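Below is the file input38.cif, which contains mmCIF, C-alpha atoms.
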```cif
data_target
loop_
_atom_site.label_atom_id
_atom_site.label_comp_id
_atom_site.auth_asym_id
_atom_site.auth_seq_id
_atom_site.Cartn_x
_atom_site.Cartn_y
_atom_site.Cartn_z
CA MET A 23 20.57 -3.82 -3.17
CA THR A 24 17.93 -6.37 -2.15
CA PHE A 25 14.37 -5.42 -2.96
CA ARG A 26 12.11 -5.38 0.10
CA LEU A 27 8.35 -5.77 0.26
CA GLY A 28 6.17 -5.10 3.28
CA ILE A 29 2.89 -3.73 4.57
CA ALA A 30 1.81 -0.51 6.23
CA THR A 31 -1.13 0.30 8.47
CA TRP A 32 -2.41 3.35 10.27
CA GLY A 33 -4.51 1.22 12.60
CA GLU A 34 -7.54 2.84 11.04
CA ARG A 35 -11.00 2.14 12.49
CA ALA A 36 -13.31 3.07 9.65
CA PRO A 37 -17.01 2.24 9.37
CA HIS A 38 -17.97 -0.26 6.71
CA PRO A 39 -19.21 1.71 3.65
CA ASP A 40 -22.41 -0.35 3.43
CA THR A 41 -23.28 -1.30 7.02
CA GLY A 42 -21.74 1.63 8.91
CA GLU A 43 -20.39 -0.85 11.47
CA LEU A 44 -17.29 0.42 13.30
CA PRO A 45 -14.86 -2.05 14.90
CA SER A 46 -14.21 -1.55 18.61
CA PRO A 47 -10.73 -0.29 19.64
CA ARG A 48 -9.94 -3.76 21.01
CA GLU A 49 -11.04 -5.47 17.81
CA GLY A 50 -9.04 -2.98 15.74
CA PHE A 51 -5.91 -3.58 17.80
CA LEU A 52 -6.29 -7.36 17.51
CA GLN A 53 -6.72 -7.06 13.75
CA LEU A 54 -3.62 -4.88 13.47
CA THR A 55 -1.64 -7.42 15.49
CA GLU A 56 -2.88 -10.29 13.33
CA LEU A 57 -1.82 -8.46 10.16
CA ALA A 58 1.69 -7.98 11.60
CA ARG A 59 2.01 -11.60 12.71
CA THR A 60 0.79 -12.85 9.33
CA ALA A 61 3.29 -10.64 7.52
CA ASP A 62 6.10 -12.04 9.65
CA ARG A 63 4.92 -15.62 9.14
CA VAL A 64 4.79 -15.41 5.34
CA GLY A 65 8.23 -13.79 5.07
CA LEU A 66 7.54 -10.13 4.30
CA ASP A 67 10.41 -7.79 5.14
CA ILE A 68 8.69 -4.79 6.73
CA VAL A 69 5.74 -4.00 8.95
CA ALA A 70 5.23 -0.25 9.29
CA VAL A 71 2.77 1.24 11.78
CA GLY A 72 2.14 4.94 11.44
CA GLU A 73 -0.08 7.66 12.88
CA GLY A 74 -3.18 8.52 10.88
CA HIS A 75 -5.26 11.67 10.63
CA GLY A 76 -8.88 12.31 9.71
CA ALA A 77 -10.43 9.08 11.03
CA GLU A 78 -10.55 6.99 14.20
CA HIS A 79 -7.42 4.94 14.77
CA VAL A 80 -6.18 2.28 17.14
CA ASN A 81 -3.00 4.31 17.53
CA PRO A 82 -4.02 7.96 18.13
CA ASP A 83 -0.56 8.91 19.39
CA PRO A 84 2.52 8.96 17.15
CA LEU A 85 4.14 5.54 16.85
CA GLN A 86 7.66 4.86 15.76
CA LEU A 87 7.95 3.31 12.30
CA LEU A 88 8.66 -0.37 12.77
CA ALA A 89 10.82 -1.55 9.89
CA ALA A 90 12.91 -4.57 9.12
CA GLY A 91 16.02 -3.53 7.31
CA HIS A 92 17.74 -0.16 7.36
CA GLY A 93 18.85 2.79 5.31
CA ILE A 94 15.55 4.31 4.15
CA GLY A 95 16.69 7.34 2.23
CA VAL A 96 13.34 8.68 1.04
CA MET A 97 9.82 7.29 1.19
CA LEU A 98 7.33 8.40 -1.44
CA ASN A 99 3.60 7.78 -1.58
CA VAL A 100 1.02 7.90 -4.32
CA MET A 101 -2.75 7.95 -3.79
CA GLU A 102 -4.22 8.79 -7.19
CA GLY A 103 -3.24 9.49 -10.77
CA ARG A 104 -0.32 7.82 -12.52
CA TRP A 105 2.44 6.38 -10.39
CA ASP A 106 5.09 7.51 -12.88
CA GLN A 107 4.37 11.09 -11.83
CA LEU A 108 6.97 10.36 -9.15
CA VAL A 109 9.84 10.01 -11.65
CA PRO A 110 10.87 13.72 -11.44
CA TYR A 111 10.99 13.51 -7.63
CA VAL A 112 13.28 10.50 -7.70
CA LYS A 113 15.50 12.21 -10.26
CA ALA A 114 15.71 15.36 -8.15
CA TYR A 115 16.57 13.28 -5.07
CA ARG A 116 19.42 11.51 -6.88
CA GLU A 117 20.74 14.82 -8.17
CA ALA A 118 20.64 16.30 -4.67
CA LEU A 119 22.63 13.33 -3.35
CA ARG A 120 25.29 13.93 -5.97
CA GLY A 121 25.38 17.59 -5.02
CA PHE A 122 26.11 16.66 -1.42
CA ARG A 123 28.70 14.09 -2.59
CA ARG A 124 26.66 11.24 -1.12
CA SER A 125 26.03 7.82 -2.58
CA THR A 126 23.25 7.91 -5.15
CA ARG A 127 22.36 4.36 -4.10
CA SER A 128 20.51 5.61 -1.02
CA ALA A 129 17.23 3.78 -0.74
CA VAL A 130 14.01 4.93 -2.38
CA GLY A 131 10.73 3.44 -1.16
CA LEU A 132 7.10 3.70 -2.20
CA LEU A 133 3.89 3.49 -0.14
CA LEU A 134 0.60 2.78 -1.91
CA PRO A 135 -2.81 1.27 -1.11
CA GLY A 136 -3.39 -2.31 -2.23
CA LEU A 137 -5.58 -5.38 -2.34
CA VAL A 138 -4.24 -8.61 -3.86
CA VAL A 139 -6.41 -11.55 -4.90
CA SER A 140 -5.56 -14.84 -6.58
CA ASP A 141 -5.35 -14.84 -10.36
CA ASP A 142 -8.49 -16.98 -10.46
CA ASP A 143 -10.41 -14.48 -8.33
CA ALA A 144 -9.08 -11.58 -10.43
CA ARG A 145 -11.01 -12.95 -13.40
CA SER A 146 -14.24 -12.37 -11.50
CA PRO A 147 -15.77 -8.90 -11.28
CA ASP A 148 -16.45 -9.65 -7.62
CA ALA A 149 -12.83 -8.78 -6.72
CA LEU A 150 -13.12 -5.19 -7.92
CA THR A 151 -16.67 -5.00 -6.60
CA LEU A 152 -15.35 -5.87 -3.14
CA ALA A 153 -12.57 -3.30 -3.31
CA TYR A 154 -14.40 -0.38 -4.89
CA PRO A 155 -16.46 1.06 -2.00
CA HIS A 156 -13.47 0.95 0.37
CA PHE A 157 -10.86 2.45 -1.94
CA ALA A 158 -13.02 4.92 -3.85
CA ALA A 159 -13.99 7.01 -0.83
CA SER A 160 -10.66 7.17 0.95
CA THR A 161 -7.48 6.83 -1.04
CA ARG A 162 -7.22 10.47 -2.10
CA THR A 163 -6.95 11.55 1.53
CA PHE A 164 -6.09 8.30 3.37
CA GLY A 165 -9.24 8.95 5.33
CA ALA A 166 -12.89 9.77 4.79
CA ALA A 167 -13.48 11.88 1.70
CA SER A 168 -14.62 15.45 2.29
CA ALA A 169 -17.36 17.22 0.34
CA ASP A 170 -14.81 18.76 -2.01
CA ASP A 171 -12.94 15.47 -2.40
CA PRO A 172 -15.52 13.21 -4.10
CA ALA A 173 -15.23 9.46 -4.40
CA TRP A 174 -13.98 7.95 -7.62
CA THR A 175 -16.53 6.68 -10.09
CA PRO A 176 -16.31 2.95 -10.92
CA GLU A 177 -14.64 3.89 -14.21
CA GLU A 178 -12.04 6.05 -12.45
CA PHE A 179 -11.43 3.26 -9.96
CA ARG A 180 -10.78 0.69 -12.68
CA GLU A 181 -8.32 3.11 -14.29
CA GLN A 182 -6.49 3.50 -10.97
CA CYS A 183 -6.22 -0.30 -10.78
CA GLY A 184 -4.71 -0.47 -14.29
CA PRO A 185 -0.98 -0.67 -15.14
CA GLU A 186 -0.38 3.08 -14.85
CA GLY A 187 -2.73 3.75 -11.92
CA ALA A 188 -1.85 4.48 -8.31
CA LEU A 189 -3.60 1.47 -6.74
CA LEU A 190 -2.02 -1.95 -6.33
CA VAL A 191 -5.31 -3.80 -6.76
CA GLY A 192 -5.66 -7.01 -8.76
CA GLY A 193 -4.53 -10.58 -9.22
CA VAL A 194 -1.07 -11.80 -8.29
CA SER A 195 0.26 -11.75 -11.87
CA ASP A 196 -0.92 -8.19 -12.53
CA VAL A 197 0.46 -7.01 -9.19
CA VAL A 198 3.86 -8.60 -9.89
CA THR A 199 3.99 -7.01 -13.35
CA LYS A 200 3.09 -3.61 -11.95
CA LEU A 201 5.62 -3.81 -9.12
CA ARG A 202 8.36 -4.81 -11.56
CA ALA A 203 7.61 -1.76 -13.69
CA MET A 204 7.56 0.48 -10.62
CA ARG A 205 10.81 -0.96 -9.31
CA GLU A 206 12.61 -0.46 -12.62
CA THR A 207 11.22 2.98 -13.44
CA LEU A 208 11.54 4.49 -9.97
CA ASP A 209 14.66 2.50 -8.97
CA LEU A 210 12.89 1.30 -5.83
CA ASP A 211 14.52 -0.41 -2.90
CA ARG A 212 11.26 -1.21 -1.12
CA VAL A 213 7.49 -1.05 -1.40
CA LEU A 214 5.00 -0.85 1.47
CA VAL A 215 1.40 -1.81 0.74
CA ARG A 216 -1.33 -0.27 2.85
CA VAL A 217 -3.64 -3.24 3.30
CA ASP A 218 -6.42 -1.99 5.63
CA VAL A 219 -8.04 0.76 3.62
CA ASN A 220 -11.27 2.33 4.91
CA GLY A 221 -12.99 -0.60 6.56
CA LEU A 222 -11.82 -3.24 4.10
CA PRO A 223 -12.86 -6.65 5.51
CA HIS A 224 -10.14 -8.03 7.76
CA ASP A 225 -10.09 -11.39 5.97
CA ALA A 226 -9.43 -9.61 2.66
CA ALA A 227 -6.51 -7.70 4.22
CA LEU A 228 -5.09 -10.92 5.67
CA ARG A 229 -5.40 -12.62 2.28
CA THR A 230 -3.49 -9.75 0.69
CA VAL A 231 -0.68 -10.18 3.23
CA GLU A 232 -0.58 -13.94 2.58
CA LEU A 233 -0.36 -13.48 -1.20
CA LEU A 234 2.27 -10.74 -0.91
CA GLY A 235 4.51 -13.01 1.13
CA ARG A 236 3.88 -16.37 -0.52
CA GLU A 237 3.53 -15.43 -4.20
CA VAL A 238 4.35 -11.80 -4.98
CA LEU A 239 7.67 -11.39 -3.16
CA PRO A 240 9.20 -14.69 -4.43
CA ALA A 241 8.33 -13.65 -8.00
CA LEU A 242 10.19 -10.36 -7.53
CA ARG A 243 13.42 -11.93 -6.26
#
```
Full structure transcribed into structure tokens:
Amino acid sequence: MTFRLGIATWGERAPHPDTGELPSPREGFLQLTELARTADRVGLDIVAVGEGHGAEHVNPDPLQLLAAGHGIGVMLNVMEGRWDQLVPYVKAYREALRGFRRSTRSAVGLLLPGLVVSDDDARSPDALTLAYPHFAASTRTFGAASADDPAWTPEEFREQCGPEGALLVGGVSDVVTKLRAMRETLDLDRVLVRVDVNGLPHDAALRTVELLGREVLPALR
């Protein structure tokens, strides 16, 4: 089964954590469209657009999942903690398929937040500094954190970016290594990377899409 890599977006319009600036609906829609066109241009397999909750979105009404390919059996997501916490769920899914006398090769996919930078940029603390305020306040809920859902500390954030953490944040080489481990351990057919987390600068999201298509996906095939 061919491994597929793509991006996901809720069309979120979140204020910048530092400036409080909120993109207009038109600007948000244009940014969403540019992400999709860039993904197509660089050869990614899937562009998924979903409905979001808890923040302002370009797409307030439910939208059909737009996916290249077919046969999504189950789609998992992970927002914090260790990604290998999903192993029991995959095992239970395979066992249920056997119980219903269905093929155990039905697809398993994973959705997770991500930011990819070049390996050169990954050596600079600026890469994690850029990502931290956007990811720390939102990834537990995929929206603004509530009072009882505090932001990660910088130390917790770095742990989430590490090999066992839930975030796909780092240089190309580290991202490829992490995705290989995820693919093997969870027997994944596809991964969707949420690239527009909580007001992340649009140029950073576009750069992530470029690197996913031009460097990460070829290394995984």
Exercise for the section: Report the residues retrieved by the PyMOL selection byres ((chain A and resi 194) around 8) from the displayed file, expressed as a PyMOL selection string. Expected result: chain A and resi 138-141+192-193+195-198+233+237-238
Handout entry: Atom-to-atom span, atom CA of Ala188 of chain A and atom CA of Val219 of chain A, Å
Key =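 Rounded to one decimal, the two atoms are 13.9 Å apart.
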Problem - Point-to-point distance from atom CA of Leu137 of chain A to atom CA of Gln107 of chain A, Å rounded to tenths - result: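 Those two atoms sit 21.5 Å apart.
Across the model, the gap from atom CA of Asp106 of chain A to atom CA of Leu57 of chain A is 28.9 Å.
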Handout entry: Selection near Arg202 of chain A, 12 Å with all atoms listed in the file, sequence-local residues under 3 positions removed, as a list of chain:residue names
Key =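 Neighbouring residues, sequence-local ones excluded: A:Phe25, A:Leu27, A:Pro185, A:Leu190, A:Ser195, A:Asp196, A:Val197, A:Val198, A:Thr199, A:Arg205, A:Glu206, A:Thr207, A:Leu208, A:Asp209, A:Leu210, A:Asp211, A:Arg212, A:Val213, A:Val238, A:Leu239, A:Ala241, A:Leu242, A:Arg243.
Distance check against Arg236 of chain A using all atoms listed in the file: of A:Glu186, A:Glu181, A:Glu117, A:Asp62, the minimum falls on A:Asp62.
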Exercise for the section: Find the residue from A:Thr41, A:Asn220, A:Thr24, A:Thr55 that sits nearest to Ala153 of chain A; use all atoms listed in the file when measuring. Expected result: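 For Ala153 of chain A, the nearest of the given residues is A:Asn220.
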Exercise for the section: In the coordinate frame of the file, compute which residues have an atom within 7 Å of (2.1, -2.9, 9.4) when using all atoms listed in the file, and state them as number ranges by chain. Expected result: A: 29-31, 57-58, 69-71
Practice task
Measuring atom to atom with all atoms listed in the file, identify which of A:Thr151, A:Pro135, A:Gly184, A:Phe51 is nearest to Val100 of chain A.
Solution key: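 Of A:Thr151, A:Pro135, A:Gly184, A:Phe51, the one nearest Val100 of chain A, counting all atoms listed in the file, is A:Pro135.
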Handout entry: Who sits within 6 Å of Leu134 of chain A, all atoms listed in the file, same chain under 2 positions skipped, as number ranges by chain
Key = A: 99-100, 215-216
Handout entry: For Val109 of chain A, the nearest of the candidates A:Val130, A:Gln53, A:Thr60, A:Glu177, counting all atoms listed in the file
Key = A:Val130
Handout entry: Counting all atoms listed in the file, the residue of A:Asp148, A:Asp143, A:Asp67, A:Asp218 that sits nearest Leu234 of chain A
Key = A:Asp67
Problem - Of the listed residues A:Ala61, A:Leu54, A:Met204, A:Leu222, that which approaches Leu133 of chain A most closely, counting all atoms listed in the file - result: A:Met204
